[in-house]
Amino acid sequence: MLQQWRQLIEARTGMVVEPNRTTFLQTNLASRMRELGLSDYAAYYKRITEAPDWMVEWSVLVDRLTVQETRFFRDTDALRTVEKYIAELPRQQLSQTPLEAWSVGCATGEEVYTLCILINEALTQRGLKPKFGVTGTDISTPALNKARTGIYPERRLVEVRPEIQQRYFELVRPGQYQFDRALMKKACFVRENLAELQNALHFRMQIIYCQNVLIYFKKWRRREILRHLTERLAPGGLLVLGLGELTNWQHPDLERLSTEHTLAYRKKSGAL
Ligand SMILES: C[S@@+](CC[C@H](N)C(=O)[O-])C[C@H]1O[C@@H](n2cnc3c(N)ncnc32)[C@H](O)[C@@H]1O
């Protein structure tokens with residue numbers, strides 16, 4: 001029965017539940033079934049796959065089965081690559097066209113708001129108006145709803161520098177911080193399944209940031225996802241991945257940047 005669940009999860013989300021995560025799968029299915037008053041895996045499976053009004057239940061379950069670990073300023077090296085990229089973009093381009101960034105698999109939004117801070121700082125330091133937008137996409141609706149509140153527990157801010165914390169966060173309850181409301185307007189959150197990226201409507205993104213997500217997918221699917229992301233990157237755009245998320249991958253439209261601790265590519269300016 002568990003094998004059937006694994007196949008369903010992989011077919012619908014692309015995520016692989018490795019055999020070493022069997023207990024995780026079992027525990028989460030069992031706890032959700034208890035909440036629903038069901039005692040039989042097969043009955044739960046039948047409802048999820050056959051009853052149209054159980055689509056909402058599917059999204060609850062997917063939320064339980066995804067790993068949403070994240071925090072602000074999680075990967076310094078990858079973020080430095082983004083900073084350097086923005087610093088080298090022509091002033092004229094930045095003042096005329098809003099800079100569009102995309103955080104793929106953004107979980108509860110910390111990565112999206114980190115990019116908002118970073119881009120805001122980079123543009124203001126160059127004396128430019130903060131013309132930009134950051135889109136966060138994820139499969140988990142509850143995670144996206146949390147992201148939209150912009151409220152975070154203190155532990156998610158451990159890597160935020162004190163002056164940045166002071167400028168962009170407000171203590172709203174003991175141990176709970178509200179992200180800057182004005183800057184929140186630059187962010188938008190969309191539910192999007194990486195297994196269905198061919199339908200994604202974002203195009204000509206200047207920065208695509210995809211960290212700690214591809215590891216949950218089979219290698220062929222990672223390549224497929226990256227092909228779709230590359231298509232959605234603007235000419236000259238930056239693609240940043242987690243180190244080791246895919247080895248020996250190349251795309252004719254991309255050139256690998258010589259970054260030491262991160263995997264980053266730039267789309268050739270002649271590419272469509
Ligand atoms: C470990 S978190 C990474 C969060 C953030 N990128 C970071 O590095 O801190 C992985 C995220 O990928 C999302 N995810 C997993 N499968 C997905 C899919 N098929 N489509 C979209 N998002 C997915 C999960 O819901 C989860 O929020």
# chains A, B, ... in the order shown; residues from 1 in each chain; ligands from 1

$ residues_near_ligand --ligand "ligand 1" --cutoff "7 Å" --atoms "only C-alpha atoms and all ligand atoms" --output "ChimeraX atom specification"
/A:13-15,63,66-71,74,103-108,111,137-140,143,192-195,210-213,216

$ select_by_dssp --residues "range 4-203 of chain A" --states "alpha helix (DSSP H)" --output "ChimeraX atom specification"
/A:4-13,22-36,41-50,55-65,76-88,91-96,110-125,141-149,162-168,181-184

$ residues_around --residues "Val158 in chain A" --least-positions-apart "4" --cutoff "10 Å" --atoms "only C-alpha atoms" --output "PyMOL selection string"
chain A and resi 71-74+153-154+162+165

$ select_by_dssp --residues "range 101-244 of chain A" --states "strand (DSSP E or B)" --output "PyMOL selection string"
chain A and resi 101-104+132-138+151-153+169-173+176-179+187-191+205-210+217+233-241

$ write_last_selection --atoms "C-alpha atoms" --output "compact mmCIF listing (two decimals), in the first residue's frame"
# COMPACT_ATOMS: atom_id res chain seq x y z
CA ALA A 101 13.15 37.72 -9.40
CA TRP A 102 11.62 34.31 -8.74
CA SER A 103 12.14 32.13 -5.70
CA VAL A 104 11.24 28.58 -6.75
CA PHE A 132 11.54 45.36 -8.59
CA GLY A 133 9.26 42.43 -7.80
CA VAL A 134 9.91 39.01 -6.27
CA THR A 135 7.59 36.09 -6.98
CA GLY A 136 7.60 33.08 -4.66
CA THR A 137 6.09 29.80 -5.79
CA ASP A 138 5.49 26.59 -3.89
CA ILE A 151 5.22 37.17 10.51
CA TYR A 152 8.10 34.98 11.63
CA PRO A 153 9.44 33.42 14.81
CA PHE A 169 11.56 43.82 11.03
CA GLU A 170 9.27 44.87 13.83
CA LEU A 171 8.71 42.90 17.02
CA VAL A 172 4.95 42.38 17.14
CA ARG A 173 4.64 39.77 19.90
CA GLN A 176 7.50 37.12 16.65
CA TYR A 177 8.63 39.57 13.99
CA GLN A 178 6.68 41.29 11.24
CA PHE A 179 8.52 41.85 7.98
CA ALA A 187 6.45 40.22 -3.11
CA CYS A 188 3.79 37.95 -4.50
CA PHE A 189 3.09 34.29 -3.76
CA VAL A 190 1.64 31.79 -6.20
CA ARG A 191 0.84 28.10 -5.79
CA MET A 205 12.73 36.58 -15.13
CA GLN A 206 16.00 38.38 -14.45
CA ILE A 207 16.89 36.23 -11.44
CA ILE A 208 15.72 32.68 -10.75
CA TYR A 209 16.72 31.39 -7.34
CA CYS A 210 16.12 27.71 -6.65
CA PHE A 217 13.28 15.00 -7.40
CA LEU A 233 14.92 33.33 -17.75
CA ALA A 234 15.47 36.66 -19.53
CA PRO A 235 18.50 36.94 -21.83
CA GLY A 236 21.42 37.87 -19.57
CA GLY A 237 19.44 36.54 -16.56
CA LEU A 238 20.89 34.72 -13.56
CA LEU A 239 19.99 31.18 -12.44
CA VAL A 240 21.18 30.25 -8.94
CA LEU A 241 20.97 26.67 -7.68

$ atom_distance --atom1 "CA of Tyr44 in chain A" --atom2 "CA of Leu25 in chain A"
13.8 Å

$ atom_distance --atom1 "CA of Gly244 in chain A" --atom2 "CA of Glu18 in chain A"
18.0 Å

$ atom_distance --atom1 "CA of Arg12 in chain A" --atom2 "CA of Val62 in chain A"
9.8 Å

$ residues_around --residues "Ile164 in chain A" --least-positions-apart "6" --cutoff "10 Å" --atoms "only C-alpha atoms" --output "tab-separated table (two decimals) with N, CA, C and O atoms, in the first residue's frame"
chain	number	residue	atom	x	y	z
A	117	ILE	N	14.95	42.26	0.49
A	117	ILE	CA	15.90	43.11	1.23
A	117	ILE	C	17.16	43.33	0.40
A	117	ILE	O	17.62	44.45	0.21
A	118	LEU	N	17.67	42.20	-0.13
A	118	LEU	CA	18.93	42.27	-0.86
A	118	LEU	C	18.83	43.18	-2.09
A	118	LEU	O	19.69	44.03	-2.33
A	121	GLU	N	18.39	46.87	-1.02
A	121	GLU	CA	19.68	47.44	-0.57
A	121	GLU	C	20.57	47.72	-1.78
A	121	GLU	O	21.18	48.79	-1.88

$ closest_residue --among "A:Ala87, A:Leu229, A:Leu79, A:Met33" --to "Phe203 in chain A" --atoms "only C-alpha atoms"
A:Leu229
